[in-house]
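Q: The structure under discussion is supplied below as structure tokens; questions concerning it will follow.
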Amino acid sequence: MPARSHTRRPLLALLVALAASATARAQQPVAPPACRPHHLRLYVYTTDTIRPRHVEVVHKALLRRAEVHSSAFAADTSTAPPTPRLAPGPANDDVFLWRWRDQTWDRNTSQTRAWPFVAVLEYDGREHPEAWIDWFRRPRNSRDPGAWLLDPADQRYAAHIGDAYATHRDDRFAYVAITDTPSGDVVFGNEWVVRGRVDWHPDEREPVARRAAFRVYFERSRRLEDWHAVVEPLVEWLPEATPGRRGDARRCLPVEVPGSHCAIVGSSIEFELPPVPATVVPARGFD
């Protein structure tokens, strides 16, 4: 009997220790499951079907764009006087340049067509990292590696786009959103690269930075209902073809300059993007 008593004591002590450890872990604050450390996702909205958690920041970005620049939107003729339809999506009737000034809508130049679209960068903002959305444009299918513009007119595109960013946050994520409103021949004659970047701990010895990017372009059909938006993910690696066979990849190789170069996923098409001026101030994702 004494021997059995001695064998129970270590087992009982182990069970007590395990229970105490589990209780301590349960009492520690846990980050929301949807908010992983260094979470980053980029979304591009070309229609008015928007994820519920992004609705508010998308609306902020659309309105902010009209506050900063004269922007192409379709008119909502059901209102008196007409007001712009602040939503992503194609339009080829009653399109005008709109500006929100002094608490009223200013409608001016008529446009043949427009396709407002919005990018939303969603990320873990608990450590207040720096976040950017970079926006590039060039003529569709250009072969000139230097064709990406930093402005529609005078090489200031980063500032032109970045002037109109919106921010938001909730109990899971921080958000940055930017709207572009191409109109006329710009819609179908150009392509865009939208890139989201977040830099956690930029001043520390081992900073954490992540990127995500998409190529966007639009295709036209006879009917507005058949107009099509193409949104392709971009990556920082290229497939290396298998000798003697087409369509197979033996392995993946990094692009020439990760961070400024990117490629259409699954292809050998590589884009060389210009540097974003240091004067472009990062958003922090907080109001």
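Residues in the structure tokens are numbered from 1 in each chain, the chains being A, B, ... in the order shown, and ligands are numbered from 1 in the order shown.
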Residues at most 8 Å from Trp148 in chain A, counting only C-alpha atoms, excluding those fewer than 2 positions away in the same chain, as number ranges by chain?
A: A: 136-138, 145-146, 150, 273-274
Q: Report as JSON lines the residues of range 139-220 of chain A within 8 Å of range 93-113 of chain A, each with its shortest atom pair and distance in Å (one decimal), using only C-alpha atoms, ordered by chain and increasing residue number.
A:
```
{"residue": "A:Ser183", "atom": "CA", "partner": "A:Arg113", "partner_atom": "CA", "distance": 5.4}
{"residue": "A:Gly184", "atom": "CA", "partner": "A:Arg113", "partner_atom": "CA", "distance": 5.2}
{"residue": "A:Val187", "atom": "CA", "partner": "A:Arg113", "partner_atom": "CA", "distance": 7.8}
```
Q: Mind writing the picked residues with N, CA, C and O atoms as a short mmCIF file (atom, residue, chain, number, x, y, z; two decimals), in the first residue's frame?
A:
```cif
data_model
loop_
_atom_site.label_atom_id
_atom_site.label_comp_id
_atom_site.auth_asym_id
_atom_site.auth_seq_id
_atom_site.Cartn_x
_atom_site.Cartn_y
_atom_site.Cartn_z
N SER A 183 -11.77 57.59 -67.60
CA SER A 183 -12.91 57.92 -68.45
C SER A 183 -12.44 58.03 -69.89
O SER A 183 -11.24 58.07 -70.18
N GLY A 184 -13.41 58.07 -70.82
CA GLY A 184 -13.10 58.21 -72.23
C GLY A 184 -12.22 57.08 -72.75
O GLY A 184 -12.39 55.92 -72.37
N VAL A 187 -10.12 54.32 -70.48
CA VAL A 187 -10.67 53.11 -69.87
C VAL A 187 -10.14 51.86 -70.55
O VAL A 187 -9.60 50.95 -69.90
#
```
Q: Taking into account only C-alpha atoms, which residue in the set A:Val176, A:Ile133, A:Val255, A:Ala119 is nearest to Ile50 in chain A?
A: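 That would be A:Ala119, the residue with the smallest distance to Ile50 in chain A.
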Q: Identify all residues of range 68-185 of chain A in alpha helix (DSSP H) (DSSP on the backbone) and supply them as an MDAnalysis selection string.
A: chainID A and resid 68 157:162
Q: Mind dumping the selected residues with N, CA and C atoms as a PDB file, in the first residue's frame?
A:
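What follows is the written file part.pdb:
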```pdb
ATOM      1  N   VAL A  68     -11.219  65.751 -53.858  1.00  0.00           N
ATOM      2  CA  VAL A  68      -9.864  66.163 -54.202  1.00  0.00           C
ATOM      3  C   VAL A  68      -9.706  66.471 -55.689  1.00  0.00           C
ATOM      4  N   TYR A 157       1.964  60.910 -60.808  1.00  0.00           N
ATOM      5  CA  TYR A 157       0.813  60.032 -60.601  1.00  0.00           C
ATOM      6  C   TYR A 157       0.696  59.566 -59.161  1.00  0.00           C
ATOM      7  N   ALA A 158       1.832  59.290 -58.529  1.00  0.00           N
ATOM      8  CA  ALA A 158       1.777  58.819 -57.143  1.00  0.00           C
ATOM      9  C   ALA A 158       1.094  59.838 -56.244  1.00  0.00           C
ATOM     10  N   ALA A 159       1.421  61.118 -56.437  1.00  0.00           N
ATOM     11  CA  ALA A 159       0.779  62.154 -55.629  1.00  0.00           C
ATOM     12  C   ALA A 159      -0.666  62.361 -56.054  1.00  0.00           C
ATOM     13  N   HIS A 160      -0.918  62.316 -57.360  1.00  0.00           N
ATOM     14  CA  HIS A 160      -2.276  62.500 -57.882  1.00  0.00           C
ATOM     15  C   HIS A 160      -3.236  61.465 -57.291  1.00  0.00           C
ATOM     16  N   ILE A 161      -2.811  60.214 -57.275  1.00  0.00           N
ATOM     17  CA  ILE A 161      -3.647  59.148 -56.719  1.00  0.00           C
ATOM     18  C   ILE A 161      -3.653  59.200 -55.195  1.00  0.00           C
ATOM     19  N   GLY A 162      -2.466  59.377 -54.607  1.00  0.00           N
ATOM     20  CA  GLY A 162      -2.356  59.320 -53.156  1.00  0.00           C
ATOM     21  C   GLY A 162      -3.033  60.459 -52.429  1.00  0.00           C
TER      22      GLY A 162
END
```
Q: Using only C-alpha atoms, which residue out of A:Ala177, A:Thr47, A:Ser78, A:Pro84 lies closest to Lys60 in chain A?
A: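 Among the listed residues, the smallest separation from Lys60 in chain A belongs to A:Ala177.
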